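Visitor: For reference, the file work27.txt (compact mmCIF, C-alpha atoms and all ligand atoms) is included below:
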# COMPACT_ATOMS: atom_id res chain seq x y z
CA MET A 1 3.79 14.51 -4.04
CA GLU A 2 6.87 16.62 -4.61
CA LEU A 3 8.41 16.27 -1.16
CA LEU A 4 8.23 12.49 -1.38
CA LYS A 5 9.79 12.44 -4.85
CA GLN A 6 12.67 14.63 -3.66
CA ARG A 7 13.24 12.30 -0.72
CA ILE A 8 13.24 9.23 -2.99
CA LEU A 9 15.83 10.93 -5.21
CA ARG A 10 17.94 11.86 -2.19
CA ASP A 11 17.72 8.69 -0.09
CA GLY A 12 16.24 5.91 -2.26
CA LYS A 13 18.59 3.14 -3.37
CA CYS A 14 18.24 0.64 -6.16
CA PRO A 15 20.06 -2.53 -4.98
CA SER A 16 18.92 -4.50 -8.05
CA GLU A 17 17.10 -3.43 -11.17
CA GLY A 18 13.42 -2.73 -10.54
CA VAL A 19 13.72 -2.76 -6.73
CA LEU A 20 13.66 0.45 -4.70
CA LYS A 21 15.04 0.49 -1.17
CA VAL A 22 13.59 3.20 1.05
CA ASP A 23 14.69 1.77 4.40
CA ASN A 24 15.85 5.03 5.88
CA PHE A 25 12.47 6.80 5.74
CA ILE A 26 9.61 4.36 5.00
CA ASN A 27 10.52 0.69 5.41
CA HIS A 28 12.77 0.46 8.45
CA GLN A 29 13.64 3.81 9.97
CA LEU A 30 10.46 5.90 9.74
CA ASP A 31 10.35 9.62 9.01
CA ALA A 32 7.25 10.36 11.07
CA GLN A 33 6.83 13.89 9.74
CA LEU A 34 7.00 12.77 6.12
CA LEU A 35 4.62 9.91 6.92
CA MET A 36 2.18 12.38 8.49
CA MET A 37 2.32 14.48 5.30
CA ILE A 38 1.63 11.28 3.35
CA GLY A 39 -1.42 10.71 5.57
CA VAL A 40 -2.63 14.27 4.97
CA GLU A 41 -2.25 13.82 1.21
CA PHE A 42 -4.13 10.49 1.12
CA ALA A 43 -6.86 12.01 3.31
CA ARG A 44 -7.16 14.92 0.85
CA ARG A 45 -7.30 12.66 -2.23
CA PHE A 46 -9.89 10.31 -0.67
CA ALA A 47 -11.86 12.97 1.23
CA TYR A 48 -14.91 12.39 -1.02
CA SER A 49 -14.94 8.63 -0.46
CA ARG A 50 -16.88 8.35 2.83
CA ALA A 51 -14.48 5.56 3.83
CA THR A 52 -15.33 4.01 7.20
CA LYS A 53 -12.13 1.95 7.63
CA ILE A 54 -8.64 1.59 6.25
CA LEU A 55 -7.16 -1.81 5.41
CA THR A 56 -3.45 -2.51 4.95
CA ILE A 57 -0.93 -5.38 5.29
CA GLU A 58 1.69 -5.71 8.00
CA ALA A 59 4.36 -4.53 8.36
CA SER A 60 5.30 -1.76 5.92
CA GLY A 61 1.75 -0.66 5.14
CA ILE A 62 0.95 0.13 8.76
CA ALA A 63 2.79 3.44 9.11
CA PRO A 64 1.22 5.25 6.10
CA ALA A 65 -2.16 3.63 6.87
CA VAL A 66 -2.13 4.80 10.49
CA MET A 67 -1.28 8.36 9.49
CA THR A 68 -4.11 8.32 6.95
CA GLY A 69 -6.52 6.87 9.49
CA TYR A 70 -5.53 9.57 11.96
CA CYS A 71 -6.16 12.30 9.38
CA MET A 72 -9.49 10.81 8.28
CA GLY A 73 -10.60 9.93 11.81
CA ILE A 74 -11.30 6.26 11.01
CA PRO A 75 -9.91 2.92 12.31
CA VAL A 76 -7.07 1.06 10.61
CA ILE A 77 -7.00 -2.72 10.23
CA PHE A 78 -3.85 -4.53 9.21
CA ALA A 79 -3.98 -7.95 7.61
CA LYS A 80 -1.67 -10.33 9.49
CA LYS A 81 0.82 -12.63 7.83
CA THR A 82 0.51 -15.30 10.54
CA ARG A 83 -2.80 -16.48 11.95
CA PRO A 84 -2.90 -16.19 15.75
CA CYS A 85 -4.30 -19.38 17.34
CA THR A 86 -6.86 -17.20 19.14
CA MET A 87 -8.38 -15.99 15.84
CA ASP A 88 -11.45 -18.02 14.86
CA ASN A 89 -13.42 -16.33 12.12
CA VAL A 90 -10.99 -15.23 9.47
CA LEU A 91 -11.07 -13.74 6.03
CA GLN A 92 -8.04 -15.16 4.23
CA SER A 93 -6.24 -14.67 0.95
CA GLN A 94 -2.95 -15.64 -0.68
CA VAL A 95 -0.26 -13.17 -1.79
CA HIS A 96 2.58 -13.92 -4.16
CA SER A 97 5.71 -11.92 -3.48
CA PHE A 98 7.62 -11.35 -6.70
CA THR A 99 10.55 -9.80 -4.85
CA LYS A 100 10.97 -12.87 -2.59
CA ASP A 101 9.35 -15.43 -4.94
CA ILE A 102 7.20 -16.93 -2.19
CA ASN A 103 3.47 -17.29 -1.46
CA TYR A 104 2.01 -16.37 1.90
CA ASN A 105 -1.45 -16.04 3.40
CA ILE A 106 -2.90 -12.92 4.94
CA VAL A 107 -5.70 -13.05 7.48
CA VAL A 108 -8.15 -10.56 8.94
CA ASN A 109 -10.61 -11.23 11.75
CA SER A 110 -14.03 -11.02 10.08
CA GLU A 111 -15.32 -9.11 13.12
CA TYR A 112 -13.53 -6.00 11.88
CA ILE A 113 -14.95 -5.69 8.36
CA LYS A 114 -18.72 -5.74 7.99
CA PRO A 115 -20.87 -5.54 4.82
CA ASN A 116 -21.81 -1.90 5.53
CA ASP A 117 -18.15 -0.80 5.71
CA ARG A 118 -16.55 1.34 3.02
CA ILE A 119 -12.91 0.29 2.80
CA LEU A 120 -9.92 2.33 1.68
CA CYS A 121 -6.79 0.20 1.15
CA ILE A 122 -3.38 1.77 1.76
CA ASP A 123 0.03 0.18 1.17
CA ASP A 124 3.65 1.26 0.78
CA PHE A 125 4.34 -0.13 -2.73
CA LEU A 126 2.35 -1.13 -5.78
CA ALA A 127 4.40 -3.37 -8.06
CA TYR A 128 2.71 -6.36 -9.77
CA GLY A 129 -0.44 -5.96 -7.70
CA SER A 130 -0.58 -9.30 -5.88
CA ALA A 131 -0.78 -7.76 -2.39
CA ALA A 132 -3.45 -5.33 -3.65
CA GLU A 133 -5.48 -8.16 -5.24
CA SER A 134 -5.43 -10.04 -1.93
CA LEU A 135 -6.74 -6.98 -0.10
CA ILE A 136 -9.51 -6.69 -2.70
CA ASP A 137 -10.26 -10.41 -2.18
CA ILE A 138 -10.60 -9.85 1.60
CA VAL A 139 -12.92 -6.86 1.06
CA THR A 140 -15.02 -8.90 -1.40
CA GLN A 141 -15.29 -11.84 1.02
CA SER A 142 -16.48 -9.47 3.76
CA GLY A 143 -19.24 -8.01 1.58
CA ALA A 144 -17.94 -4.47 2.24
CA THR A 145 -17.42 -1.82 -0.47
CA LEU A 146 -13.95 -0.96 -1.75
CA VAL A 147 -13.79 2.83 -2.20
CA GLY A 148 -10.20 3.19 -3.39
CA MET A 149 -6.57 2.18 -3.03
CA GLY A 150 -3.65 4.44 -2.13
CA PHE A 151 0.02 3.60 -2.53
CA VAL A 152 2.97 5.62 -1.34
CA ILE A 153 5.06 4.47 -4.31
CA GLU A 154 3.90 2.89 -7.55
CA LYS A 155 6.37 1.26 -9.92
CA SER A 156 4.43 1.94 -13.09
CA PHE A 157 6.77 -0.22 -15.20
CA GLN A 158 5.30 -3.26 -13.41
CA GLU A 159 1.69 -4.08 -14.21
CA GLY A 160 -0.17 -3.73 -10.88
CA GLY A 161 -1.41 -0.19 -11.47
CA LYS A 162 -2.81 -1.01 -14.89
CA LYS A 163 -4.57 -4.14 -13.59
CA LEU A 164 -6.27 -2.22 -10.76
CA ARG A 165 -7.26 0.80 -12.91
CA ASP A 166 -8.64 -1.56 -15.58
CA LYS A 167 -10.98 -2.95 -12.91
CA GLY A 168 -12.33 0.60 -12.43
CA ILE A 169 -10.75 1.04 -9.00
CA HIS A 170 -9.78 4.57 -7.94
CA VAL A 171 -6.01 4.21 -7.50
CA GLU A 172 -3.82 7.00 -6.12
CA ALA A 173 -0.03 6.83 -5.92
CA LEU A 174 1.97 9.65 -4.35
CA ALA A 175 5.09 8.93 -6.39
CA ARG A 176 4.90 7.01 -9.66
CA ILE A 177 8.19 5.65 -10.91
CA GLU A 178 8.59 4.99 -14.60
CA GLU A 179 12.23 3.91 -14.72
CA LEU A 180 14.43 2.55 -11.98
CA THR A 181 18.08 1.54 -12.32
CA ASN A 182 21.02 2.06 -10.00
CA GLU A 183 21.98 5.06 -12.11
CA HIS A 184 18.69 6.90 -12.22
CA ILE A 185 15.10 7.14 -11.04
CA LYS A 186 12.57 8.69 -13.39
CA PHE A 187 9.07 9.69 -12.27
CA CYS A 188 5.97 9.59 -14.50
CA ASP A 189 5.04 13.23 -13.92
P1 LIG A 201 3.07 -6.41 -5.43
O1 LIG A 201 2.20 -7.39 -4.69
O2 LIG A 201 2.31 -5.21 -5.94
O3 LIG A 201 3.90 -7.08 -6.50
O4 LIG A 201 4.14 -5.86 -4.39
C1 LIG A 201 3.73 -5.09 -3.32
C2 LIG A 201 4.44 -5.44 -2.06
O5 LIG A 201 5.77 -5.92 -2.29
C3 LIG A 201 4.55 -4.19 -1.21
O6 LIG A 201 3.67 -4.31 -0.12
C4 LIG A 201 6.00 -4.13 -0.78
O7 LIG A 201 6.10 -4.58 0.55
C5 LIG A 201 6.73 -5.10 -1.67
N1 LIG A 201 7.51 -4.43 -2.75
C6 LIG A 201 7.32 -4.56 -4.08
N2 LIG A 201 8.25 -3.87 -4.77
C7 LIG A 201 9.04 -3.29 -3.86
C8 LIG A 201 10.20 -2.43 -3.97
O8 LIG A 201 10.71 -2.08 -5.04
N3 LIG A 201 10.75 -2.02 -2.80
C9 LIG A 201 10.26 -2.38 -1.58
N4 LIG A 201 10.88 -1.90 -0.50
N5 LIG A 201 9.17 -3.19 -1.44
C10 LIG A 201 8.57 -3.65 -2.57
So that I can check it, write out the structure of this file as structure tokens.
Guide:
Amino acid sequence: MELLKQRILRDGKCPSEGVLKVDNFINHQLDAQLLMMIGVEFARRFAYSRATKILTIEASGIAPAVMTGYCMGIPVIFAKKTRPCTMDNVLQSQVHSFTKDINYNIVVNSEYIKPNDRILCIDDFLAYGSAAESLIDIVTQSGATLVGMGFVIEKSFQEGGKKLRDKGIHVEALARIEELTNEHIKFCD
């Protein structure tokens, strides 16, 4: 997505090698118009999928997921990182964060994903794929069908994208980054 790539080149920062900071339009301050265009683009790429729900992880996945859900006219569920004491029947999985070097659990109320659902997963970044694998785990536990996974930014020099595509999953990334240093950002195409 050309507009997104231009914005990454203009406003993206690389505070340490392999890490992209996009706090002024995706991860902290939100550019709602760009995010809406991201939603339109995901909706176009997954139009064929007959998705019934979108699944993401709080917090950074919510904005692109909501825009996509709005464009596709389907509900959006976000996996929570803390389990509310009021939540009884949960689907749960563990994520390893390579950027923070910690493990955490994500939970989803099983009421919201049923075996007849067709789930499209949306997230902000695809890096090593741990967050994505946990979303797949939640979908598998629910008995629903995974129809595809969309990422705003994929760092293709980390192995998440390859792992997911090797499983036969339809993966879409709106900007795929091949090289990332504080001097330059190079896209795959
Ligand atoms: P993975 O599980 O694929 O290794 O990492 C995905 C998650 O880690 C994303 O949901 C995102 O929140 C975070 N993440 C990974 N790499 C980056 C990065 O370079 N920049 C930012 N802002 N977040 C990242």
Visitor: Please find the residues contacting ligand LIG 201 (chain A) at a distance of at most 6 Å between atoms, with only C-alpha atoms and all ligand atoms counted, and report them as a list in words.
Guide: Val19, Leu20, Lys21, Val22, Ser97, Phe98, Asp123, Asp124, Phe125, Leu126, Ala127, Tyr128, Gly129, Ser130, Ala131 and Gly160 of chain A
Visitor: Which value, in Å to one decimal, gives the distance between CA of Arg45 (chain A) and CA of Met1 (chain A)?
Guide: 11.4 Å
Visitor: Compare A:Ala47, A:Leu91, A:Ala175, A:Ile153 by their minimum atom-to-atom distance to Cys188 (chain A), counting only C-alpha atoms, and give me the closest one.
Guide: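 Result for the nearest residue to Cys188 (chain A): A:Ala175.
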Visitor: Taking into account all atoms listed in the file, which residue in the set A:Ile62, A:Ile185, A:Val40, A:Val171 is nearest to Asn27 (chain A)?
Guide: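 The closest residue to Asn27 (chain A) is A:Ile62.
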Visitor: Which is closest to Ile74 (chain A) among A:Gly61, A:Ile54, A:Asp88, A:Leu164, if we use all atoms listed in the file?
Guide: A:Ile54
Visitor: Taking all atoms listed in the file into account, which of A:Lys5, A:His96, A:Arg165, A:Lys53 comes nearest Met72 (chain A)?
Guide: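 Closest to Met72 (chain A), using all atoms listed in the file: A:Lys53.
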Visitor: Which is closest to Pro115 (chain A) among A:Ile8, A:Asp101, A:Val139, A:Val66, if we use only C-alpha atoms?
Guide: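 Selected residue with least distance to Pro115 (chain A): A:Val139.
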Visitor: Fewer than 2 positions away in the same chain doesn't count, so skip those; otherwise give me all residues within 12 Å of Asn24 (chain A), counting only C-alpha atoms, as a list of chain:residue names.
Guide: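 Everything that qualifies: A:Arg7, A:Ile8, A:Arg10, A:Asp11, A:Gly12, A:Lys13, A:Leu20, A:Lys21, A:Val22, A:Ile26, A:Asn27, A:His28, A:Gln29, A:Leu30, A:Asp31, A:Ala32, A:Leu34.
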Visitor: Quick one: distance from CA of Ser110 (chain A) to CA of Gln141 (chain A) in Å, one decimal?
Guide: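 According to the coordinates, CA of Ser110 (chain A) and CA of Gln141 (chain A) are separated by 9.2 Å.
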Visitor: May I ask which of the residues A:Val108, A:Gln94, A:Met36, A:Phe157 is the closest one to Ala65 (chain A), counting only C-alpha atoms?
Guide: A:Met36
Visitor: Mind completing region 77-91 of chain A with N, CA, C and O atoms? Output as a short mmCIF file (atom, residue, chain, number, x, y, z; two decimals), in the coordinates of the input, please?
Guide:
data_model
loop_
_atom_site.label_atom_id
_atom_site.label_comp_id
_atom_site.auth_asym_id
_atom_site.auth_seq_id
_atom_site.Cartn_x
_atom_site.Cartn_y
_atom_site.Cartn_z
N ILE A 77 -7.15 -1.28 10.01
CA ILE A 77 -7.00 -2.72 10.23
C ILE A 77 -5.80 -3.17 9.43
O ILE A 77 -5.67 -2.82 8.26
N PHE A 78 -4.92 -3.96 10.04
CA PHE A 78 -3.85 -4.53 9.21
C PHE A 78 -4.02 -6.03 9.08
O PHE A 78 -4.26 -6.73 10.07
N ALA A 79 -3.94 -6.52 7.85
CA ALA A 79 -3.98 -7.95 7.61
C ALA A 79 -2.69 -8.54 8.17
O ALA A 79 -1.61 -7.99 7.98
N LYS A 80 -2.83 -9.68 8.88
CA LYS A 80 -1.67 -10.33 9.49
C LYS A 80 -1.12 -11.42 8.58
O LYS A 80 -1.89 -12.08 7.88
N LYS A 81 0.18 -11.61 8.67
CA LYS A 81 0.82 -12.63 7.83
C LYS A 81 0.88 -13.99 8.53
O LYS A 81 1.19 -14.99 7.90
N THR A 82 0.64 -14.01 9.84
CA THR A 82 0.51 -15.30 10.54
C THR A 82 -0.82 -15.27 11.29
O THR A 82 -1.19 -14.24 11.85
N ARG A 83 -1.48 -16.42 11.31
CA ARG A 83 -2.80 -16.48 11.95
C ARG A 83 -2.63 -16.81 13.44
O ARG A 83 -2.18 -17.91 13.78
N PRO A 84 -3.01 -15.88 14.32
CA PRO A 84 -2.90 -16.19 15.75
C PRO A 84 -3.86 -17.33 16.10
O PRO A 84 -4.95 -17.41 15.54
N CYS A 85 -3.44 -18.22 17.02
CA CYS A 85 -4.30 -19.38 17.34
C CYS A 85 -5.60 -18.94 18.00
O CYS A 85 -6.57 -19.68 18.03
N THR A 86 -5.65 -17.70 18.49
CA THR A 86 -6.86 -17.20 19.14
C THR A 86 -7.88 -16.64 18.12
O THR A 86 -8.96 -16.24 18.49
N MET A 87 -7.49 -16.61 16.84
CA MET A 87 -8.38 -15.99 15.84
C MET A 87 -9.24 -17.06 15.17
O MET A 87 -8.72 -17.95 14.50
N ASP A 88 -10.57 -16.97 15.37
CA ASP A 88 -11.45 -18.02 14.86
C ASP A 88 -12.01 -17.71 13.47
O ASP A 88 -11.78 -18.44 12.53
N ASN A 89 -12.72 -16.61 13.38
CA ASN A 89 -13.42 -16.33 12.12
C ASN A 89 -12.56 -15.43 11.25
O ASN A 89 -12.48 -14.23 11.49
N VAL A 90 -11.93 -16.03 10.26
CA VAL A 90 -10.99 -15.23 9.47
C VAL A 90 -11.41 -15.08 8.02
O VAL A 90 -12.04 -15.96 7.43
N LEU A 91 -11.03 -13.94 7.47
CA LEU A 91 -11.07 -13.74 6.03
C LEU A 91 -9.62 -13.96 5.61
O LEU A 91 -8.71 -13.42 6.24
#
